[in-house]
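Participant: Below you'll find my_file_30.pdb; it's PDB, C-alpha atoms.
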ATOM      1  CA  MET J   1     217.338 304.325 189.202
ATOM      2  CA  ILE J   2     214.547 306.313 190.904
ATOM      3  CA  SER J   3     212.922 305.082 194.077
ATOM      4  CA  VAL J   4     209.125 305.350 193.988
ATOM      5  CA  HIS J   5     208.281 303.618 197.262
ATOM      6  CA  GLY J   6     206.866 306.855 198.650
ATOM      7  CA  ALA J   7     204.546 307.514 195.707
ATOM      8  CA  GLY J   8     200.845 307.736 196.460
ATOM      9  CA  ALA J   9     198.602 304.788 195.660
ATOM     10  CA  PHE J  10     196.638 306.839 193.131
ATOM     11  CA  ASP J  11     199.610 308.595 191.602
ATOM     12  CA  ALA J  12     200.533 307.596 188.049
ATOM     13  CA  VAL J  13     204.089 306.774 189.082
ATOM     14  CA  GLY J  14     202.761 304.768 192.003
ATOM     15  CA  ARG J  15     200.467 302.768 189.719
ATOM     16  CA  LEU J  16     203.379 302.088 187.381
ATOM     17  CA  ALA J  17     205.530 300.929 190.286
ATOM     18  CA  ALA J  18     202.738 298.657 191.535
ATOM     19  CA  PHE J  19     202.304 297.120 188.090
ATOM     20  CA  ARG J  20     206.055 296.549 187.751
ATOM     21  CA  ARG J  21     206.112 294.755 191.102
ATOM     22  CA  GLU J  22     203.182 292.572 190.064
ATOM     23  CA  PHE J  23     204.833 291.900 186.692
ATOM     24  CA  HIS J  24     207.988 290.767 188.482
ATOM     25  CA  ARG J  25     205.895 288.345 190.557
ATOM     26  CA  CYS J  26     204.544 286.858 187.309
ATOM     27  CA  LEU J  27     208.084 285.835 186.316
ATOM     28  CA  THR J  28     208.344 282.542 188.173
ATOM     29  CA  ALA J  29     211.783 281.446 186.925
ATOM     30  CA  ARG J  30     214.809 283.600 185.986
ATOM     31  CA  GLY J  31     212.632 286.532 187.015
ATOM     32  CA  ASP J  32     215.319 289.198 187.377
ATOM     33  CA  ALA J  33     216.842 288.437 183.983
ATOM     34  CA  LEU J  34     213.450 288.398 182.258
ATOM     35  CA  PHE J  35     212.493 291.649 183.995
ATOM     36  CA  GLU J  36     215.603 293.433 182.740
ATOM     37  CA  LEU J  37     215.062 291.951 179.287
ATOM     38  CA  ALA J  38     211.556 293.482 179.205
ATOM     39  CA  ASP J  39     212.993 296.845 180.276
ATOM     40  CA  ALA J  40     215.606 296.626 177.534
ATOM     41  CA  LEU J  41     212.926 295.922 174.924
ATOM     42  CA  LEU J  42     210.858 298.914 176.066
ATOM     43  CA  CYS J  43     213.711 301.392 176.503
ATOM     44  CA  GLY J  44     215.870 300.662 173.476
ATOM     45  CA  ASP J  45     216.362 303.577 171.069
ATOM     46  CA  ALA J  46     216.403 301.511 167.875
ATOM     47  CA  PRO J  47     214.562 298.520 166.406
ATOM     48  CA  VAL J  48     215.752 295.187 167.825
ATOM     49  CA  ARG J  49     217.464 293.150 165.120
ATOM     50  CA  SER J  50     219.193 290.586 167.335
ATOM     51  CA  LEU J  51     218.909 289.394 170.911
ATOM     52  CA  VAL J  52     222.493 290.159 171.788
ATOM     53  CA  GLU J  53     221.869 293.855 171.068
ATOM     54  CA  LEU J  54     219.457 293.942 174.014
ATOM     55  CA  SER J  55     222.283 293.068 176.395
ATOM     56  CA  LEU J  56     223.958 296.361 175.410
ATOM     57  CA  VAL J  57     220.978 298.511 176.441
ATOM     58  CA  GLY J  58     221.585 300.380 179.678
ATOM     59  CA  GLU J  59     218.557 298.831 181.412
ATOM     60  CA  HIS J  60     220.026 295.340 180.905
ATOM     61  CA  ARG J  61     222.763 295.113 183.543
ATOM     62  CA  ARG J  62     223.577 291.445 183.015
ATOM     63  CA  GLY J  63     225.726 289.733 180.430
ATOM     64  CA  HIS J  64     224.396 288.278 177.206
ATOM     65  CA  GLY J  65     224.638 284.780 178.662
ATOM     66  CA  SER J  66     221.894 285.463 181.196
ATOM     67  CA  LEU J  67     219.699 286.811 178.400
ATOM     68  CA  TYR J  68     219.738 283.480 176.563
ATOM     69  CA  ALA J  69     219.358 281.554 179.821
ATOM     70  CA  ALA J  70     216.285 283.625 180.689
ATOM     71  CA  LEU J  71     214.677 282.897 177.335
ATOM     72  CA  ASN J  72     215.513 279.174 177.457
ATOM     73  CA  ARG J  73     214.719 278.469 181.109
ATOM     74  CA  GLY J  74     212.579 281.376 182.268
ATOM     75  CA  ARG J  75     208.903 280.925 183.056
ATOM     76  CA  ILE J  76     205.974 283.372 183.051
ATOM     77  CA  ASP J  77     202.669 282.906 184.845
ATOM     78  CA  ILE J  78     200.520 283.970 181.891
ATOM     79  CA  ALA J  79     197.187 283.809 183.767
ATOM     80  CA  ARG J  80     198.479 286.089 186.526
ATOM     81  CA  LEU J  81     199.963 288.493 183.972
ATOM     82  CA  ARG J  82     196.636 288.739 182.121
ATOM     83  CA  THR J  83     194.884 289.496 185.398
ATOM     84  CA  ALA J  84     197.441 292.186 186.223
ATOM     85  CA  VAL J  85     196.999 293.833 182.809
ATOM     86  CA  ALA J  86     193.197 293.846 183.208
ATOM     87  CA  ALA J  87     193.505 295.702 186.532
ATOM     88  CA  VAL J  88     195.427 298.641 185.020
ATOM     89  CA  PRO J  89     193.292 301.781 184.364
ATOM     90  CA  LEU J  90     191.939 301.520 180.810
ATOM     91  CA  PRO J  91     191.446 304.152 178.112
ATOM     92  CA  ARG J  92     187.753 304.739 177.524
ATOM     93  CA  ALA J  93     185.397 306.347 175.056
ATOM     94  CA  ALA J  94     183.978 309.832 175.570
ATOM     95  CA  ASP J  95     180.912 308.431 177.354
ATOM     96  CA  GLY J  96     183.046 306.384 179.735
ATOM     97  CA  ARG J  97     182.384 303.000 178.183
ATOM     98  CA  VAL J  98     185.067 300.401 177.474
ATOM     99  CA  VAL J  99     185.708 299.827 173.754
ATOM    100  CA  LEU J 100     187.599 296.687 172.740
ATOM    101  CA  ALA J 101     189.027 296.153 169.268
ATOM    102  CA  VAL J 102     190.053 292.740 167.963
ATOM    103  CA  ASP J 103     192.310 292.074 164.991
ATOM    104  CA  VAL J 104     194.896 289.611 163.727
ATOM    105  CA  THR J 105     198.531 290.563 163.153
ATOM    106  CA  CYS J 106     200.856 288.100 161.436
ATOM    107  CA  TRP J 107     204.476 287.487 162.325
ATOM    108  CA  LEU J 108     205.846 286.407 158.960
ATOM    109  CA  ARG J 109     208.356 283.528 159.129
ATOM    110  CA  PRO J 110     208.943 282.554 155.472
ATOM    111  CA  GLU J 111     212.470 281.187 155.993
ATOM    112  CA  ALA J 112     211.848 279.394 159.315
ATOM    113  CA  HIS J 113     211.127 275.986 157.835
ATOM    114  CA  THR J 114     211.503 274.165 161.160
ATOM    115  CA  CYS J 115     209.085 276.408 163.098
ATOM    116  CA  PRO J 116     205.925 274.450 163.984
ATOM    117  CA  GLU J 117     202.327 275.401 163.199
ATOM    118  CA  ARG J 118     203.021 277.990 160.541
ATOM    119  CA  VAL J 119     200.101 278.964 158.314
ATOM    120  CA  LEU J 120     199.786 281.010 155.142
ATOM    121  CA  CYS J 121     199.179 284.619 156.168
ATOM    122  CA  HIS J 122     197.553 286.971 153.678
ATOM    123  CA  THR J 123     199.750 290.007 153.088
ATOM    124  CA  TYR J 124     199.007 293.211 151.194
ATOM    125  CA  GLY J 125     201.154 295.823 149.538
ATOM    126  CA  ARG J 126     204.036 293.548 148.540
ATOM    127  CA  GLY J 127     203.531 294.505 144.917
ATOM    128  CA  LYS J 128     201.087 296.391 142.761
ATOM    129  CA  ASP J 129     197.590 295.062 143.498
ATOM    130  CA  THR J 130     198.982 291.745 144.721
ATOM    131  CA  HIS J 131     197.779 289.758 147.705
ATOM    132  CA  ILE J 132     199.963 286.770 148.476
ATOM    133  CA  GLY J 133     200.221 284.225 151.249
ATOM    134  CA  VAL J 134     203.428 284.116 153.290
ATOM    135  CA  PRO J 135     204.109 281.438 155.943
ATOM    136  CA  GLY J 136     203.975 282.834 159.459
ATOM    137  CA  TRP J 137     202.230 282.905 162.803
ATOM    138  CA  PRO J 138     198.931 284.835 163.092
ATOM    139  CA  TYR J 139     198.266 286.435 166.487
ATOM    140  CA  SER J 140     194.851 287.624 167.643
ATOM    141  CA  PHE J 141     195.094 290.848 169.683
ATOM    142  CA  VAL J 142     192.458 292.474 171.894
ATOM    143  CA  THR J 143     193.116 296.127 172.718
ATOM    144  CA  ALA J 144     191.224 298.901 174.522
ATOM    145  CA  LEU J 145     190.563 302.076 172.532
ATOM    146  CA  GLU J 146     189.859 305.670 173.494
ATOM    147  CA  THR J 147     188.008 308.528 171.827
ATOM    148  CA  GLY J 148     189.958 311.027 169.765
ATOM    149  CA  ARG J 149     192.629 311.053 167.097
ATOM    150  CA  THR J 150     195.356 309.020 168.727
ATOM    151  CA  SER J 151     197.373 305.947 167.817
ATOM    152  CA  TRP J 152     197.684 304.773 171.426
ATOM    153  CA  THR J 153     195.942 301.564 172.463
ATOM    154  CA  ALA J 154     196.104 299.323 175.515
ATOM    155  CA  PRO J 155     196.824 295.672 174.540
ATOM    156  CA  LEU J 156     194.944 293.326 176.884
ATOM    157  CA  ASP J 157     195.492 289.894 175.354
ATOM    158  CA  ALA J 158     197.301 288.089 172.547
ATOM    159  CA  ARG J 159     196.870 284.516 171.335
ATOM    160  CA  ARG J 160     198.457 282.641 168.478
ATOM    161  CA  LEU J 161     196.049 280.978 166.062
ATOM    162  CA  ALA J 162     196.952 277.373 165.280
ATOM    163  CA  PRO J 163     196.304 275.684 161.908
ATOM    164  CA  GLY J 164     192.681 274.620 161.657
ATOM    165  CA  ASP J 165     191.386 277.001 164.329
ATOM    166  CA  ASP J 166     187.963 278.494 163.713
ATOM    167  CA  ALA J 167     188.651 282.220 163.954
ATOM    168  CA  ALA J 168     185.165 283.120 165.232
ATOM    169  CA  THR J 169     185.231 280.494 167.991
ATOM    170  CA  VAL J 170     188.759 281.351 169.130
ATOM    171  CA  THR J 171     188.043 285.096 169.034
ATOM    172  CA  ALA J 172     184.802 284.679 170.968
ATOM    173  CA  GLY J 173     186.586 282.663 173.658
ATOM    174  CA  GLN J 174     189.378 285.227 173.848
ATOM    175  CA  LEU J 175     186.917 288.126 174.139
ATOM    176  CA  ARG J 176     184.901 286.267 176.769
ATOM    177  CA  ASP J 177     188.004 285.779 178.910
ATOM    178  CA  VAL J 178     189.012 289.452 178.535
ATOM    179  CA  VAL J 179     185.548 290.778 179.420
ATOM    180  CA  GLN J 180     185.267 288.471 182.425
ATOM    181  CA  ARG J 181     188.677 289.620 183.677
ATOM    182  CA  LEU J 182     187.617 293.255 183.266
ATOM    183  CA  ILE J 183     184.447 292.563 185.255
ATOM    184  CA  ALA J 184     186.442 290.812 187.981
ATOM    185  CA  ALA J 185     188.789 293.838 188.110
ATOM    186  CA  ARG J 186     185.740 296.139 188.427
ATOM    187  CA  GLN J 187     186.535 297.882 185.162
ATOM    188  CA  TRP J 188     182.859 297.248 184.344
ATOM    189  CA  GLN J 189     180.107 297.190 186.971
ATOM    190  CA  PRO J 190     176.331 296.737 186.783
ATOM    191  CA  GLY J 191     174.774 299.958 185.532
ATOM    192  CA  ASP J 192     177.747 300.904 183.345
ATOM    193  CA  PRO J 193     177.294 301.202 179.557
ATOM    194  CA  ASP J 194     177.742 297.958 177.660
ATOM    195  CA  VAL J 195     181.237 297.182 176.407
ATOM    196  CA  TRP J 196     181.625 297.757 172.689
ATOM    197  CA  ILE J 197     183.520 295.207 170.611
ATOM    198  CA  VAL J 198     184.637 296.493 167.205
ATOM    199  CA  ALA J 199     186.104 294.343 164.441
ATOM    200  CA  ASP J 200     186.920 294.484 160.752
ATOM    201  CA  ALA J 201     185.122 292.838 157.854
ATOM    202  CA  GLY J 202     187.061 289.590 158.206
ATOM    203  CA  TYR J 203     185.070 288.627 161.315
ATOM    204  CA  ASP J 204     181.691 286.900 161.444
ATOM    205  CA  GLY J 205     179.683 289.529 163.328
ATOM    206  CA  PRO J 206     176.480 287.488 163.787
ATOM    207  CA  ARG J 207     178.483 284.535 165.104
ATOM    208  CA  LEU J 208     180.363 286.713 167.608
ATOM    209  CA  ALA J 209     177.129 288.316 168.787
ATOM    210  CA  PHE J 210     175.524 284.882 169.241
ATOM    211  CA  LEU J 211     178.452 283.430 171.199
ATOM    212  CA  LEU J 212     178.756 286.505 173.461
ATOM    213  CA  ALA J 213     175.028 287.107 173.977
ATOM    214  CA  ASP J 214     175.209 286.454 177.744
ATOM    215  CA  LEU J 215     177.833 289.169 178.352
ATOM    216  CA  PRO J 216     177.247 292.951 178.705
ATOM    217  CA  VAL J 217     178.673 293.655 175.242
ATOM    218  CA  LYS J 218     177.536 295.037 171.910
ATOM    219  CA  VAL J 219     179.274 293.907 168.730
ATOM    220  CA  LEU J 220     180.046 296.367 165.922
ATOM    221  CA  VAL J 221     181.591 294.708 162.845
ATOM    222  CA  ARG J 222     182.219 296.224 159.444
ATOM    223  CA  MET J 223     180.583 294.284 156.617
ATOM    224  CA  ARG J 224     181.708 293.629 153.062
ATOM    225  CA  SER J 225     180.185 295.758 150.320
ATOM    226  CA  ASP J 226     178.783 292.695 148.505
ATOM    227  CA  ARG J 227     176.649 291.376 151.380
ATOM    228  CA  VAL J 228     172.921 290.719 151.165
ATOM    229  CA  LEU J 229     170.773 291.086 154.290
ATOM    230  CA  ARG J 230     167.112 290.393 154.974
ATOM    231  CA  ARG J 231     164.409 292.602 156.419
ATOM    232  CA  PRO J 232     162.095 291.494 159.240
ATOM    233  CA  ALA J 233     159.374 289.075 158.255
ATOM    234  CA  PRO J 234     156.095 290.837 157.387
ATOM    235  CA  PRO J 235     153.049 290.293 159.631
ATOM    236  CA  ARG J 236     151.160 287.099 158.973
ATOM    237  CA  LEU J 237     147.900 287.779 157.170
ATOM    238  CA  PRO J 238     144.657 286.377 158.634
ATOM    239  CA  GLY J 239     143.613 283.064 157.115
ATOM    240  CA  THR J 240     147.094 282.298 155.811
ATOM    241  CA  THR J 241     148.178 278.673 156.063
ATOM    242  CA  GLY J 242     151.574 277.028 156.003
ATOM    243  CA  ARG J 243     154.802 277.783 157.804
ATOM    244  CA  PRO J 244     155.225 281.470 158.669
ATOM    245  CA  ARG J 245     157.947 283.409 156.909
ATOM    246  CA  ARG J 246     161.176 283.981 158.830
ATOM    247  CA  HIS J 247     162.637 286.647 156.543
ATOM    248  CA  GLY J 248     161.440 289.678 154.657
ATOM    249  CA  GLY J 249     162.709 291.242 151.457
ATOM    250  CA  GLU J 250     166.356 291.558 150.486
ATOM    251  CA  PHE J 251     168.622 294.480 151.324
ATOM    252  CA  ILE J 252     171.436 294.327 148.756
ATOM    253  CA  PHE J 253     174.449 296.449 149.600
ATOM    254  CA  GLY J 254     175.365 296.920 145.948
ATOM    255  CA  ASP J 255     171.830 297.845 144.831
ATOM    256  CA  PRO J 256     170.617 301.210 146.230
ATOM    257  CA  GLY J 257     167.187 300.491 144.758
ATOM    258  CA  SER J 258     166.652 297.765 147.374
ATOM    259  CA  TRP J 259     167.467 300.000 150.340
ATOM    260  CA  GLY J 260     164.284 302.014 150.715
ATOM    261  CA  ASP J 261     164.002 304.909 153.150
ATOM    262  CA  PRO J 262     166.359 304.754 156.165
ATOM    263  CA  ASP J 263     164.992 304.589 159.690
ATOM    264  CA  VAL J 264     167.517 307.209 160.830
ATOM    265  CA  ALA J 265     169.617 309.695 158.850
ATOM    266  CA  THR J 266     172.024 312.298 160.184
ATOM    267  CA  THR J 267     174.270 314.856 158.528
ATOM    268  CA  THR J 268     177.314 316.377 160.221
ATOM    269  CA  GLU J 269     179.717 319.001 158.927
ATOM    270  CA  THR J 270     183.334 317.877 159.218
ATOM    271  CA  ARG J 271     186.413 320.059 159.113
ATOM    272  CA  LEU J 272     188.258 318.075 156.445
ATOM    273  CA  TYR J 273     185.590 316.332 154.364
ATOM    274  CA  GLY J 274     182.563 318.623 154.351
ATOM    275  CA  ALA J 275     179.115 317.149 154.961
ATOM    276  CA  ALA J 276     179.126 313.540 156.201
ATOM    277  CA  THR J 277     175.801 311.708 156.001
ATOM    278  CA  ALA J 278     175.066 308.516 157.943
ATOM    279  CA  ARG J 279     171.993 306.372 157.292
ATOM    280  CA  ALA J 280     170.722 303.431 159.332
ATOM    281  CA  TRP J 281     168.209 300.684 158.634
ATOM    282  CA  HIS J 282     166.934 298.784 161.666
ATOM    283  CA  ARG J 283     166.403 295.048 162.153
ATOM    284  CA  LEU J 284     168.353 293.867 159.117
ATOM    285  CA  HIS J 285     169.854 290.407 159.501
ATOM    286  CA  PRO J 286     171.740 287.786 157.469
ATOM    287  CA  ARG J 287     169.968 284.630 156.385
ATOM    288  CA  LEU J 288     171.802 281.885 158.267
ATOM    289  CA  THR J 289     172.012 278.246 157.178
ATOM    290  CA  HIS J 290     173.269 275.065 158.818
ATOM    291  CA  ARG J 291     176.697 275.354 157.220
ATOM    292  CA  THR J 292     180.239 276.358 158.221
ATOM    293  CA  ALA J 293     180.165 277.708 161.798
ATOM    294  CA  TRP J 294     176.451 276.906 162.223
ATOM    295  CA  THR J 295     176.707 273.207 161.315
ATOM    296  CA  ALA J 296     176.519 272.023 164.932
ATOM    297  CA  GLN J 297     173.740 274.460 165.862
ATOM    298  CA  HIS J 298     170.869 272.401 167.251
ATOM    299  CA  GLY J 299     167.352 273.729 166.995
ATOM    300  CA  PRO J 300     166.284 276.784 165.017
ATOM    301  CA  LEU J 301     168.953 279.206 163.893
ATOM    302  CA  PRO J 302     168.949 282.663 165.514
TER     303      PRO J 302
END
Can you dump the structure from the file as structure tokens?

Facilitator:
Amino acid sequence: MISVHGAGAFDAVGRLAAFRREFHRCLTARGDALFELADALLCGDAPVRSLVELSLVGEHRRGHGSLYAALNRGRIDIARLRTAVAAVPLPRAADGRVVLAVDVTCWLRPEAHTCPERVLCHTYGRGKDTHIGVPGWPYSFVTALETGRTSWTAPLDARRLAPGDDAATVTAGQLRDVVQRLIAARQWQPGDPDVWIVADAGYDGPRLAFLLADLPVKVLVRMRSDRVLRRPAPPRLPGTTGRPRRHGGEFIFGDPGSWGDPDVATTTETRLYGAATARAWHRLHPRLTHRTAWTAQHGPLP
């Protein structure tokens, strides 16, 4: 054991010691046993295949009986723990902005027939070109990213999705809570660049942007290659009657003939892949209807 009580407040070791003290305060019942269990999980040299193995790790100084008692009777103040995690210095992009990534990771539980609220989780790579559903628990994670080629991320929140949950609504609520905690911890202040939220093609980007419109965020979501977007509505001609058009012509991802000239195009030489060209078309939007997530939308659609 190394004493760090004399470490400076801004020293990395001092920040770690402060976070460990705050983490211990979040453990409201069987705190010491839960604290050593967390240390054993983090410091073990091999994958954990059974709980009793954790009691053999050097950081776990108690017997295996206290380990099971901690898991059965221990309590964690989740709200305080989330606040403590949000106050830790975050990795940032090259321009200093906070970048949050959201994704779902499934804990497969195919043989746990008595576990409640299992859902079919889509899995890939379990056979040649096969995508199958396996019962399990899907967890939505929000992590902070940094610029550069690194696999390190900073997990900020995790929530389990229950059967019947609307993924866009749950994700938007989770992101709202994370961003508000970051603002309260002064990780973002007025005048800072907007927080970027990046997500994969499985997320409804327009819905997320609509639900988070009042926060200092910008949403960047990958889109499927078979999508069809609309251009801005053309100007209304003089003397035209009837309802004005809300949408312009189609922009079909799979039809390059519908793209037209890009508003911006850049070309960059890369070390591994040669010339990389990026093209952008402004003000494209999906044509929304009063279905699925927009059923309860009163008034005109965005």

Participant: Could you write out as a ChimeraX atom specification the residues that the PyMOL selection byres ((chain J and resi 106-115) around 12) matches in the shown file?

Facilitator: /J:103-105,116-124,133-141,158-161

Participant: If you measure from atom CA of Asp157 of chain J to atom CA of Ala40 of chain J, what distance in Å do you get, rounded to one decimal?

Facilitator: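 For atom CA of Asp157 of chain J relative to atom CA of Ala40 of chain J, the distance reads 21.3 Å.
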
Participant: Where does the PyMOL selection byres ((chain J and resi 210) around 12) land in this file, that is, which residues does it pick, as a VMD selection string?

Facilitator: chain J and resid 168 to 169 172 204 to 209 211 to 215 217 to 219 288 293 to 294 297 301 to 302

Participant: Any idea what's packed within 8 Å of segment 98-101 of chain J, counting all atoms listed in the file, ignoring anything in its chain fewer than 4 positions away? Could you give it as a PyMOL selection string?

Facilitator: chain J and resi 90-93+142-146+188+194-199

Participant: I'd like to see the residues matched by the PyMOL selection byres ((chain J and resi 284) around 12) on this file, and ideally I'd get them as a VMD selection string.

Facilitator: chain J and resid 206 227 to 233 247 to 253 259 262 to 263 280 to 283 285 to 287

Participant: Neighbouring residues of Ala184 of chain J were defined as those with any atom within 10 Å, considering all atoms listed in the file; residues of the same chain fewer than 5 positions away were excluded. Please report them as an MDAnalysis selection string.

Facilitator: chainID J and resid 83 86:87 178:179 189

Participant: I'd like the contact shell of Glu36 of chain J - 10 Å cut-off, all atoms listed in the file, skipping same-chain residues fewer than 5 positions apart - returned as a count of residues only.

Facilitator: 13

Participant: Return as JSON the box centre and box size in Å, one decimal, for an axis-aligned box around all listed atoms of segment 45-51 of chain J padded by 3 Å per side.

Facilitator:
{"center_x": 216.9, "center_y": 296.5, "center_z": 168.1, "size_x": 10.6, "size_y": 20.2, "size_z": 11.9}

Participant: Between atom CA of Ser258 of chain J and atom CA of Thr292 of chain J, measure the distance and give it in Å to one decimal.

Facilitator: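 Straight-line distance from atom CA of Ser258 of chain J to atom CA of Thr292 of chain J works out to 27.6 Å.
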
Participant: Give the answer as one residue: which of J:Asp261, J:Glu53, J:Glu22, J:Asp255 has the shortest atom-to-atom distance to Val85 of chain J, using all atoms listed in the file?

Facilitator: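 When distances to Val85 of chain J are compared using all atoms listed in the file, the smallest one comes from J:Glu22.
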
Participant: To one decimal place in Å, what is the distance between atom CA of Gly44 of chain J and atom CA of Pro155 of chain J?

Facilitator: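 Straight-line distance from atom CA of Gly44 of chain J to atom CA of Pro155 of chain J works out to 19.7 Å.
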
Participant: Can you tell me which residues surround Gly299 of chain J at a distance of at most 12 Å, considering only C-alpha atoms, apart from same-chain residues fewer than 4 positions away, and format the answer as a PyMOL selection string?

Facilitator: chain J and resi 289-290+294-295

Participant: With distances taken over all atoms listed in the file, which of J:Ala94, J:Val102, J:Leu34, J:Leu220 is nearest to Pro193 of chain J?

Facilitator: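 Ranking J:Ala94, J:Val102, J:Leu34, J:Leu220 by distance to Pro193 of chain J, first place goes to J:Ala94.
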
Participant: Could you check the closest approach to Asp192 of chain J for each of J:Val221, J:Thr267, J:Gly96, J:Arg246 and tell me which residue wins, using all atoms listed in the file?

Facilitator: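 Using all atoms listed in the file, Asp192 of chain J sits closest to J:Gly96.
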